[in-house]
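Listing of my_file22.txt, compact mmCIF, C-alpha atoms
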# COMPACT_ATOMS: atom_id res chain seq x y z
CA MET L 285 -42.57 -19.81 24.17
CA GLY L 286 -40.10 -20.72 26.91
CA GLU L 287 -37.20 -18.83 28.47
CA GLY L 288 -34.75 -20.28 25.98
CA GLY L 289 -36.79 -19.54 22.86
CA ARG L 290 -39.47 -21.35 20.90
CA VAL L 291 -40.72 -24.70 22.21
CA TYR L 292 -41.55 -27.15 19.40
CA SER L 293 -44.56 -29.12 20.55
CA GLU L 294 -45.15 -31.07 17.36
CA LYS L 295 -42.71 -33.65 16.05
CA GLY L 296 -43.44 -32.48 12.51
CA GLU L 297 -42.12 -29.05 13.34
CA ILE L 298 -38.87 -30.47 14.66
CA ASP L 299 -38.45 -32.70 11.62
CA ALA L 300 -39.05 -29.72 9.34
CA VAL L 301 -36.27 -27.77 11.05
CA LEU L 302 -33.88 -30.70 10.76
CA ARG L 303 -34.71 -31.19 7.09
CA ARG L 304 -33.91 -27.55 6.37
CA ARG L 305 -30.31 -28.07 7.39
CA ASP L 306 -28.21 -28.21 4.26
CA PRO L 307 -25.25 -30.59 4.73
CA ASP L 308 -23.41 -28.82 1.91
CA GLU L 309 -23.22 -25.69 4.06
CA SER L 310 -20.80 -27.34 6.46
CA ARG L 311 -17.22 -26.11 6.16
CA LYS L 312 -15.86 -29.40 7.42
CA LYS L 313 -14.46 -31.93 5.01
CA THR L 314 -13.28 -35.43 5.72
CA TYR L 315 -10.43 -36.98 3.73
CA ARG L 316 -9.39 -40.60 3.90
CA VAL L 317 -5.60 -40.85 3.61
CA ALA L 318 -4.00 -44.20 2.82
CA VAL L 319 -0.80 -45.28 4.58
CA GLY L 320 1.67 -47.34 2.56
CA LYS L 321 3.80 -50.18 3.88
CA ASP L 322 6.71 -47.77 4.13
CA GLY L 323 4.64 -45.50 6.41
CA CYS L 324 4.24 -42.79 3.78
CA LEU L 325 0.88 -41.08 3.44
CA SER L 326 -0.90 -40.94 0.11
CA ILE L 327 -2.43 -37.43 0.11
CA PRO L 328 -5.47 -36.89 -2.16
CA PRO L 329 -4.91 -34.03 -4.65
CA GLU L 330 -7.66 -31.83 -3.17
CA LEU L 331 -6.18 -32.14 0.32
CA ALA L 332 -2.68 -31.52 -1.05
CA GLY L 333 -4.00 -28.29 -2.52
CA GLU L 334 -5.58 -27.21 0.75
CA LEU L 335 -2.32 -27.89 2.56
CA GLY L 336 -0.26 -26.04 -0.04
CA LEU L 337 2.02 -29.01 -0.61
CA THR L 338 5.16 -28.55 -2.66
CA PRO L 339 8.26 -30.77 -2.91
CA ASP L 340 10.34 -30.83 0.29
CA VAL L 341 7.85 -28.72 2.25
CA ARG L 342 7.67 -29.29 6.00
CA LEU L 343 4.29 -29.18 7.74
CA ASP L 344 3.53 -28.64 11.41
CA PHE L 345 1.36 -31.27 13.13
CA VAL L 346 -0.23 -30.04 16.37
CA SER L 347 -1.42 -32.66 18.87
CA ASP L 348 -3.96 -31.51 21.44
CA HIS L 349 -6.17 -33.74 23.61
CA GLY L 350 -6.19 -36.58 21.11
CA ARG L 351 -6.81 -34.35 18.11
CA ILE L 352 -4.23 -33.78 15.40
CA GLU L 353 -4.23 -30.52 13.46
CA ILE L 354 -2.14 -30.20 10.32
CA LEU L 355 -1.13 -26.62 9.63
CA PRO L 356 -0.89 -25.69 5.92
CA ASN L 357 2.28 -24.47 4.26
CA ILE L 358 2.23 -20.70 4.85
CA HIS L 359 4.46 -20.13 1.83
CA SER L 360 1.80 -21.27 -0.66
CA LEU L 361 -0.40 -18.33 -1.69
CA ARG L 362 -4.07 -19.26 -1.29
CA ARG L 363 -5.91 -15.93 -1.13
CA LEU L 364 -5.05 -12.66 -2.86
CA TYR L 365 -6.62 -9.34 -1.91
CA ILE L 366 -6.69 -6.72 -4.66
CA GLU L 367 -7.59 -3.14 -3.80
CA PRO L 368 -9.21 -1.75 -6.99
CA THR L 369 -9.38 1.76 -5.54
CA SER L 370 -8.69 3.66 -2.34
CA ARG L 371 -11.54 6.05 -3.15
CA CYS L 372 -14.92 5.80 -1.49
CA ASN L 373 -18.21 7.63 -1.91
CA LEU L 374 -18.89 7.60 1.85
CA SER L 375 -17.26 9.18 4.91
CA CYS L 376 -17.90 6.56 7.58
CA ARG L 377 -17.05 7.33 11.19
CA THR L 378 -15.36 3.95 11.50
CA CYS L 379 -12.94 4.20 8.54
CA ILE L 380 -9.18 4.60 8.95
CA ARG L 381 -9.13 6.62 5.74
CA ASN L 382 -9.88 9.51 8.10
CA THR L 383 -6.23 9.32 9.25
CA TRP L 384 -4.60 9.10 5.82
CA GLU L 385 -2.14 11.59 4.47
CA GLU L 386 -1.66 9.90 1.11
CA PRO L 387 -3.22 10.34 -2.34
CA MET L 388 -6.33 8.43 -3.37
CA GLY L 389 -6.50 6.60 -6.66
CA ASP L 390 -7.72 3.75 -8.84
CA MET L 391 -5.72 0.74 -9.99
CA ASP L 392 -4.64 1.27 -13.58
CA MET L 393 -6.03 -1.45 -15.84
CA GLY L 394 -2.59 -1.99 -17.32
CA VAL L 395 -1.33 -2.81 -13.83
CA PHE L 396 -4.30 -5.08 -13.18
CA ASP L 397 -3.89 -6.93 -16.49
CA ARG L 398 -0.21 -7.45 -15.73
CA LEU L 399 -1.13 -8.81 -12.30
CA ALA L 400 -3.93 -11.02 -13.61
CA GLY L 401 -1.53 -12.58 -16.09
CA GLN L 402 0.71 -13.72 -13.24
CA LEU L 403 -1.93 -15.53 -11.17
CA SER L 404 -1.55 -18.84 -13.01
CA ARG L 405 1.94 -19.18 -11.52
CA PHE L 406 0.45 -19.90 -8.09
CA PRO L 407 -0.69 -23.56 -8.02
CA HIS L 408 -2.60 -23.23 -4.74
CA LEU L 409 -4.28 -19.89 -5.30
CA GLU L 410 -8.05 -20.28 -4.80
CA THR L 411 -9.60 -16.86 -4.30
CA VAL L 412 -9.19 -13.23 -5.29
CA MET L 413 -10.92 -10.81 -2.93
CA PHE L 414 -11.63 -7.34 -4.27
CA GLY L 415 -11.37 -5.22 -1.16
CA GLY L 416 -9.19 -2.97 0.90
CA PHE L 417 -9.97 0.46 2.28
CA GLY L 418 -11.85 1.86 -0.71
CA GLU L 419 -15.17 0.98 -2.35
CA PRO L 420 -14.44 -1.60 -5.09
CA THR L 421 -17.59 -0.84 -7.07
CA ALA L 422 -16.38 2.77 -7.47
CA HIS L 423 -13.76 1.48 -9.93
CA PRO L 424 -15.16 1.96 -13.46
CA ARG L 425 -13.71 -1.38 -14.67
CA ILE L 426 -14.61 -3.57 -11.69
CA LEU L 427 -16.68 -5.97 -13.82
CA ASP L 428 -13.74 -6.46 -16.18
CA MET L 429 -11.61 -7.33 -13.17
CA VAL L 430 -14.10 -9.94 -11.96
CA ARG L 431 -14.29 -11.40 -15.47
CA ALA L 432 -10.50 -11.78 -15.65
CA VAL L 433 -10.33 -13.56 -12.29
CA LYS L 434 -13.11 -15.98 -13.22
CA ALA L 435 -11.43 -16.64 -16.57
CA SER L 436 -8.39 -17.81 -14.56
CA GLY L 437 -10.54 -20.46 -12.85
CA LEU L 438 -10.46 -18.72 -9.46
CA ARG L 439 -13.12 -17.71 -6.98
CA ALA L 440 -13.96 -14.00 -7.01
CA GLU L 441 -15.19 -12.21 -3.90
CA MET L 442 -15.87 -8.57 -3.11
CA THR L 443 -16.78 -6.23 -0.26
CA THR L 444 -19.10 -3.29 -0.87
CA ASN L 445 -21.11 -0.64 0.92
CA ALA L 446 -23.92 -1.48 -1.56
CA THR L 447 -24.74 2.16 -2.30
CA LEU L 448 -23.78 1.75 -5.98
CA LEU L 449 -25.47 -1.64 -6.40
CA ASP L 450 -27.90 -0.62 -9.14
CA ASP L 451 -29.56 -2.79 -11.79
CA ALA L 452 -26.65 -2.64 -14.21
CA LEU L 453 -24.07 -3.58 -11.57
CA ILE L 454 -26.21 -6.42 -10.21
CA ASP L 455 -26.72 -7.83 -13.70
CA GLY L 456 -22.98 -7.51 -14.34
CA LEU L 457 -21.95 -9.28 -11.14
CA LEU L 458 -24.34 -12.14 -11.87
CA ARG L 459 -23.22 -12.32 -15.49
CA GLU L 460 -19.52 -12.41 -14.52
CA ARG L 461 -20.34 -15.04 -11.86
CA LEU L 462 -19.02 -13.34 -8.75
CA ASP L 463 -18.93 -15.98 -6.01
CA THR L 464 -19.33 -13.96 -2.80
CA LEU L 465 -20.42 -10.42 -2.00
CA TRP L 466 -19.85 -9.02 1.49
CA ILE L 467 -22.16 -6.12 2.39
CA SER L 468 -20.92 -3.63 5.00
CA LEU L 469 -23.91 -2.93 7.25
CA ASP L 470 -23.09 -1.27 10.57
CA GLY L 471 -26.68 -0.82 11.72
CA THR L 472 -30.03 -2.57 11.55
CA THR L 473 -32.10 0.63 11.72
CA GLU L 474 -32.01 3.78 9.63
CA GLU L 475 -30.97 5.86 12.65
CA SER L 476 -28.02 3.72 13.75
CA PHE L 477 -26.83 2.95 10.21
CA GLU L 478 -26.82 6.53 8.92
CA SER L 479 -25.19 7.90 12.07
CA ILE L 480 -22.15 5.73 11.26
CA ARG L 481 -22.15 5.62 7.45
CA GLU L 482 -22.24 9.29 6.56
CA GLY L 483 -23.60 9.83 3.06
CA ALA L 484 -25.43 6.49 2.84
CA SER L 485 -29.17 5.89 2.83
CA PHE L 486 -30.24 2.81 4.79
CA PRO L 487 -33.50 2.33 2.80
CA LEU L 488 -31.56 2.59 -0.48
CA VAL L 489 -28.91 0.09 0.63
CA LEU L 490 -31.59 -2.39 1.73
CA GLU L 491 -33.47 -1.88 -1.53
CA ASN L 492 -30.29 -2.55 -3.51
CA VAL L 493 -29.42 -5.74 -1.63
CA GLU L 494 -33.01 -6.99 -1.70
CA ARG L 495 -33.05 -6.38 -5.47
CA LEU L 496 -29.97 -8.58 -5.74
CA GLY L 497 -31.74 -11.19 -3.62
CA ARG L 498 -34.72 -11.26 -5.98
CA ARG L 499 -32.48 -11.79 -9.04
CA ASN L 500 -29.98 -14.06 -7.34
CA GLY L 501 -30.02 -17.56 -8.85
CA ARG L 502 -32.65 -16.71 -11.45
CA ASP L 503 -30.26 -17.31 -14.36
CA GLY L 504 -28.49 -20.28 -12.83
CA HIS L 505 -25.83 -18.46 -10.83
CA ARG L 506 -26.19 -17.52 -7.17
CA ILE L 507 -23.93 -15.04 -5.39
CA ASP L 508 -23.25 -15.91 -1.77
CA ILE L 509 -24.09 -12.88 0.37
CA GLY L 510 -22.43 -12.06 3.69
CA ILE L 511 -22.80 -9.17 6.14
CA ALA L 512 -19.76 -7.42 7.63
CA PHE L 513 -20.69 -5.52 10.79
CA VAL L 514 -18.45 -3.20 12.83
CA VAL L 515 -19.69 -3.24 16.42
CA MET L 516 -19.38 -0.27 18.79
CA LYS L 517 -21.04 0.88 21.98
CA THR L 518 -23.50 2.97 19.97
CA ASN L 519 -24.73 0.08 17.79
CA LEU L 520 -24.27 -2.90 20.15
CA HIS L 521 -28.03 -3.20 20.55
CA ASP L 522 -28.27 -3.89 16.80
CA VAL L 523 -26.26 -7.12 17.02
CA LYS L 524 -29.22 -9.12 18.31
CA HIS L 525 -31.18 -8.11 15.20
CA LEU L 526 -28.49 -9.13 12.71
CA ASP L 527 -30.00 -12.53 12.03
CA ARG L 528 -33.31 -10.94 11.06
CA LEU L 529 -31.48 -8.46 8.80
CA ALA L 530 -29.49 -11.29 7.23
CA ARG L 531 -32.66 -13.20 6.40
CA SER L 532 -34.22 -10.10 4.85
CA VAL L 533 -31.31 -9.63 2.43
CA GLY L 534 -30.56 -13.31 1.82
CA ALA L 535 -27.22 -13.36 3.65
CA ARG L 536 -25.88 -16.70 4.87
CA ARG L 537 -22.93 -15.41 6.90
CA ILE L 538 -22.36 -12.57 9.35
CA LEU L 539 -18.89 -11.35 10.34
CA VAL L 540 -18.60 -8.96 13.30
CA SER L 541 -15.49 -6.88 13.99
CA HIS L 542 -14.61 -4.32 16.60
CA VAL L 543 -13.96 -0.80 15.40
CA LEU L 544 -10.36 0.16 14.60
CA PRO L 545 -9.59 3.00 17.06
CA TYR L 546 -8.09 5.56 14.69
CA SER L 547 -9.07 8.40 17.06
CA GLU L 548 -9.68 8.90 20.77
CA ALA L 549 -13.41 9.09 20.03
CA MET L 550 -13.31 5.68 18.31
CA GLU L 551 -11.33 4.18 21.20
CA LYS L 552 -14.18 5.17 23.53
CA GLU L 553 -16.54 3.22 21.26
CA MET L 554 -14.55 -0.02 21.63
CA LEU L 555 -16.00 -3.04 23.42
CA CYS L 556 -12.77 -4.99 23.85
CA LEU L 557 -10.35 -2.97 26.00
CA GLN L 558 -10.90 -5.27 28.99
CA THR L 559 -10.62 -8.26 26.66
CA LEU L 560 -7.21 -7.07 25.48
CA THR L 561 -5.96 -6.34 28.99
CA LEU L 562 -7.18 -9.54 30.65
CA GLU L 563 -6.63 -11.77 27.61
CA THR L 564 -10.31 -12.81 27.76
CA PHE L 565 -11.23 -15.68 25.42
CA THR L 566 -7.63 -16.80 25.11
CA PHE L 567 -6.36 -20.19 26.24
CA ALA L 568 -4.07 -20.16 29.28
CA PRO L 569 -1.78 -23.23 29.35
CA GLY L 570 -1.32 -24.71 32.81
CA LYS L 571 -4.58 -23.38 34.21
CA THR L 572 -7.60 -25.51 35.08
CA GLU L 573 -9.84 -26.51 32.20
CA LEU L 574 -13.62 -26.55 32.57
CA SER L 575 -15.67 -28.50 30.03
CA LEU L 576 -19.40 -27.77 29.83
CA PRO L 577 -22.12 -29.80 28.12
CA ARG L 578 -24.75 -28.17 25.93
CA ILE L 579 -26.82 -26.07 28.30
CA ASP L 580 -29.93 -23.91 28.24
CA VAL L 581 -29.33 -20.19 27.91
CA ASN L 582 -32.12 -18.53 29.88
CA ASN L 583 -32.88 -16.54 33.02
CA THR L 584 -31.93 -19.51 35.21
CA THR L 585 -28.46 -19.99 33.73
CA LYS L 586 -27.51 -16.50 32.56
CA ASP L 587 -25.65 -15.38 35.71
CA THR L 588 -23.56 -18.54 35.88
CA ILE L 589 -22.76 -18.52 32.17
CA PHE L 590 -21.86 -14.82 32.36
CA SER L 591 -19.45 -15.41 35.25
CA LEU L 592 -17.77 -18.31 33.43
CA PHE L 593 -17.33 -16.35 30.21
CA GLN L 594 -15.99 -13.40 32.13
CA GLY L 595 -13.40 -15.10 34.27
CA PHE L 596 -12.61 -18.67 33.20
CA GLU L 597 -9.97 -18.69 30.46
CA ASN L 598 -9.87 -22.42 29.71
CA LEU L 599 -13.58 -22.92 29.09
CA THR L 600 -14.72 -25.56 26.62
CA PHE L 601 -17.94 -27.14 25.46
CA MET L 602 -17.53 -30.90 25.35
CA GLY L 603 -13.80 -30.35 25.00
CA ASN L 604 -14.19 -27.80 22.17
CA ARG L 605 -12.44 -24.56 23.05
CA ILE L 606 -14.27 -21.29 22.79
CA ALA L 607 -10.95 -19.48 23.14
CA VAL L 608 -9.33 -17.92 20.10
CA ASP L 609 -5.66 -17.78 19.23
CA SER L 610 -4.34 -14.35 20.13
CA ARG L 611 -0.94 -13.17 18.92
CA ARG L 612 -1.62 -14.94 15.64
CA CYS L 613 -1.71 -13.33 12.21
CA ARG L 614 -4.73 -14.62 10.37
CA PHE L 615 -3.38 -13.30 7.06
CA VAL L 616 -0.13 -15.27 7.30
CA HIS L 617 -1.87 -18.46 8.43
CA ASP L 618 -4.54 -18.06 5.75
CA ARG L 619 -1.71 -17.69 3.17
CA ALA L 620 -2.90 -14.30 1.96
CA SER L 621 -1.24 -11.35 0.28
CA PHE L 622 -2.42 -7.85 -0.68
CA VAL L 623 -1.92 -5.68 -3.74
CA ARG L 624 -2.75 -2.01 -3.23
CA TRP L 625 -4.40 0.16 -5.86
CA ASP L 626 -0.98 1.55 -6.77
CA GLY L 627 0.63 -1.89 -7.22
CA ARG L 628 2.49 -2.15 -3.91
CA VAL L 629 2.45 -5.66 -2.41
CA GLY L 630 1.78 -5.82 1.33
CA PRO L 631 1.46 -8.78 3.70
CA CYS L 632 -1.75 -7.86 5.51
CA MET L 633 -4.57 -5.39 5.99
CA GLY L 634 -2.86 -3.76 8.95
CA LEU L 635 0.22 -2.79 6.91
CA LEU L 636 -1.57 -1.93 3.67
CA HIS L 637 -1.79 1.81 4.39
CA SER L 638 -0.16 4.05 6.98
CA HIS L 639 -2.57 5.08 9.70
CA ARG L 640 -2.75 5.75 13.42
CA THR L 641 -4.54 4.01 16.27
CA TYR L 642 -5.29 4.86 19.88
CA LEU L 643 -5.21 2.49 22.84
CA TYR L 644 -5.42 3.53 26.49
CA GLY L 645 -5.24 7.13 25.32
CA LEU L 646 -1.87 6.61 23.58
CA GLU L 647 -1.40 7.28 19.88
CA ARG L 648 0.42 4.69 17.76
CA ARG L 649 1.56 5.53 14.24
CA VAL L 650 1.52 2.51 11.95
CA ARG L 651 3.68 2.78 8.84
CA SER L 652 2.69 0.72 5.82
CA HIS L 653 5.07 -1.87 4.44
CA ALA L 654 5.50 -3.44 1.01
CA PHE L 655 7.76 -6.22 -0.27
CA GLY L 656 7.60 -5.11 -3.87
CA ASP L 657 5.54 -3.48 -6.60
CA VAL L 658 3.76 -5.34 -9.40
CA ARG L 659 4.25 -2.32 -11.66
CA GLU L 660 7.95 -3.21 -11.72
CA GLY L 661 8.24 -6.80 -10.55
CA ASP L 662 6.51 -10.16 -10.72
CA LEU L 663 4.14 -11.12 -7.91
CA PHE L 664 5.46 -14.70 -7.87
CA GLU L 665 9.01 -13.47 -7.35
CA ILE L 666 7.89 -10.93 -4.72
CA TRP L 667 5.96 -13.61 -2.80
CA ASN L 668 8.94 -15.98 -2.86
CA SER L 669 11.58 -13.34 -2.11
CA LYS L 670 13.78 -14.02 0.92
CA ALA L 671 12.51 -10.89 2.70
CA TYR L 672 8.86 -11.91 2.34
CA VAL L 673 9.50 -15.57 3.25
CA ASP L 674 11.49 -14.57 6.33
CA PHE L 675 8.74 -12.14 7.35
CA ARG L 676 6.07 -14.88 7.19
CA GLU L 677 8.20 -17.19 9.32
CA LYS L 678 8.78 -14.42 11.85
CA VAL L 679 5.10 -13.53 12.07
CA LYS L 680 4.19 -17.21 12.38
CA ALA L 681 6.36 -17.42 15.52
CA PHE L 682 4.95 -14.03 16.66
CA ASP L 683 7.71 -13.32 19.17
CA TYR L 684 6.79 -9.65 19.44
CA SER L 685 6.43 -7.44 22.46
CA PRO L 686 2.77 -7.26 23.64
CA CYS L 687 2.37 -3.60 22.71
CA HIS L 688 -1.42 -3.93 22.71
CA VAL L 689 -1.47 -4.03 26.53
CA CYS L 690 1.63 -1.99 27.31
CA GLY L 691 1.94 1.72 28.08
CA GLY L 692 5.45 1.81 29.35
CA CYS L 693 7.84 3.05 26.68
CA SER L 694 8.23 5.31 23.65
CA MET L 695 8.49 2.32 21.31
CA LEU L 696 4.74 2.03 21.62
CA GLU L 697 4.36 5.22 19.59
CA SER L 698 5.00 3.43 16.27
CA ASN L 699 5.56 0.05 14.65
CA GLU L 700 9.21 0.84 13.88
CA GLU L 701 10.67 -1.44 16.60
CA ASP L 702 9.83 -3.04 19.94
CA CYS L 703 11.57 -3.88 23.21
CA TYR L 704 12.14 -7.50 22.13
CA GLY L 705 14.60 -6.23 19.52
CA ASN L 706 12.28 -6.57 16.54
CA THR L 707 12.71 -3.97 13.84
CA PHE L 708 10.19 -2.56 11.38
CA PRO L 709 7.53 -3.74 10.99
CA ALA L 710 6.96 -4.68 14.64
CA CYS L 711 3.58 -6.40 14.83
CA GLY L 712 3.00 -6.62 18.61
CA GLY L 713 0.40 -3.84 18.60
CA CYS L 714 -1.60 -5.24 15.68
CA LEU L 715 -5.27 -5.59 16.63
CA TRP L 716 -5.95 -8.03 13.78
CA ALA L 717 -3.42 -10.40 15.36
CA GLN L 718 -5.15 -10.06 18.74
CA GLY L 719 -8.46 -11.31 17.37
CA VAL L 720 -10.47 -8.10 17.82
CA ILE L 721 -10.41 -6.77 14.24
CA GLN L 722 -11.44 -9.09 11.44
CA CYS L 723 -12.15 -8.61 7.76
CA PRO L 724 -13.89 -10.86 5.20
Can the structure from this file be put into structure tokens for me?
Amino acid sequence: MGEGGRVYSEKGEIDAVLRRRDPDESRKKTYRVAVGKDGCLSIPPELAGELGLTPDVRLDFVSDHGRIEILPNIHSLRRLYIEPTSRCNLSCRTCIRNTWEEPMGDMDMGVFDRLAGQLSRFPHLETVMFGGFGEPTAHPRILDMVRAVKASGLRAEMTTNATLLDDALIDGLLRERLDTLWISLDGTTEESFESIREGASFPLVLENVERLGRRNGRDGHRIDIGIAFVVMKTNLHDVKHLDRLARSVGARRILVSHVLPYSEAMEKEMLCLQTLTLETFTFAPGKTELSLPRIDVNNTTKDTIFSLFQGFENLTFMGNRIAVDSRRCRFVHDRASFVRWDGRVGPCMGLLHSHRTYLYGLERRVRSHAFGDVREGDLFEIWNSKAYVDFREKVKAFDYSPCHVCGGCSMLESNEEDCYGNTFPACGGCLWAQGVIQCP
């Protein structure tokens, strides 16, 4: 062993590691686009779908250091979140449901069937994610919902706390060919997990997921498993063990989010207040850029690497930025929409339900927002309504007041308006848009 990890002394060992890399796991795709004599591009159908191309659409091309990025058409729905229920069998410390003053309920199957019948109208829709702020597997007809989505030729994904993942449910999810299952695991030990997820048994959850792992792929269908982890001061030490936990349950992806500070106690658990204030890990135009090569991470380099990560905004590795885009709505750019359990259509996770957050000791009341209701209207018409289209364009520009770092005025107390003149919903205080909260 060396300071940086295992030292492979035999060439055979190195070759074995390289052979284990599955090229199909890469998310990158390369398309060859032909250019006609008139200068027009001939876009392959698969790429046209990924870009959300429709007649007369205008795309943004971003040029940066010799690289060209083509931004997809944000008005082509690609990913739909459906909240089967707002109920949950747990009382997690980290859940914003603790701030709700609204009724809980399940999506009526008549509403779901009406919604499912409208999905074929969206030519670029790829995925339906069953998730929200309840436990999807608590809905008594969740398998019927997955079946309907798969019958439409779409990918079906789900998030779960895995407490209800018994033999019957596992068999049903495999039978209905669920594509991806995200497991919420906020601890790698029984003590840390159960201190956060009140009402859950860590050994039972692991047993359930491991049971899925043993059956996964046996009948020809394999469910992709991911881990969603909410990091706080009290479970930070668990992050370094996530890879081991992922291997034990057969997970191929791990997504880490900061906790949403719905109370003063949760704000004290956050690990990103300095990040928000100093704009750490964001790119600062006009400042010096520093490009590093691949480098050992060990006792010799740790102090230097720490100082660079802490104070050098424009840090890259071989020209590849490690900075993230702040003040950017992932849901708009990912072309997503949300349907609540009661049929209301919202634009994002942050506006799905009314809740409150705390930053710098100040309370902010966030009011939910919907552009329509599938119980009364058609999702296609709601998505293409002028109000919803204008909202996506506005959020894409993201010219909102930086409420996430400000403590200077009463407008901070809610998302009704901001000092830039934006009216409800004002998104400047959204922590999803600042890159600190993320959901599968």
Practice item. Could you jot down the atom CA of Leu409 of chain L to atom CA of Ile354 of chain L separation for me, Å, one decimal place? Key: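 Computing it gives 18.8 Å between the two atoms.
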Check your understanding: What's the 12 Å shell around Asp662 of chain L, counting all atoms listed in the file, without same-chain residues fewer than 6 positions away, as a PyMOL selection string?
Key -> chain L and resi 395+398-403+405-406+623+627-629+655-656+668-669
Practice item. May I ask which of the residues L:Met633, L:Val673, L:Ala620, L:Leu449 is the closest one to Ala717 of chain L, counting all atoms listed in the file? Key: L:Met633
**Study point:** Gap from atom CA of Lys571 of chain L to atom CA of Glu597 of chain L - Å, one decimal
**Key:**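 According to the coordinates, atom CA of Lys571 of chain L and atom CA of Glu597 of chain L are separated by 8.1 Å.
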Review point. With only C-alpha atoms as the basis for distance, which of L:Thr421, L:Thr464, L:Ser685, L:Thr383 is at the shortest distance from Arg537 of chain L?
Key: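 Counting only C-alpha atoms, the residue closest to Arg537 of chain L is L:Thr464.
Within 12 Å of the file-frame point (-31.1, 3.5, 13.7), and using only C-alpha atoms, the polymer residues found are Leu469, Asp470, Gly471, Thr472, Thr473, Glu474, Glu475, Ser476, Phe477, Glu478, Ser479, Ile480, Arg481, Ser485, Phe486, Pro487, Thr518, Asn519, Leu520, His521, Asp522 and His525 of chain L.
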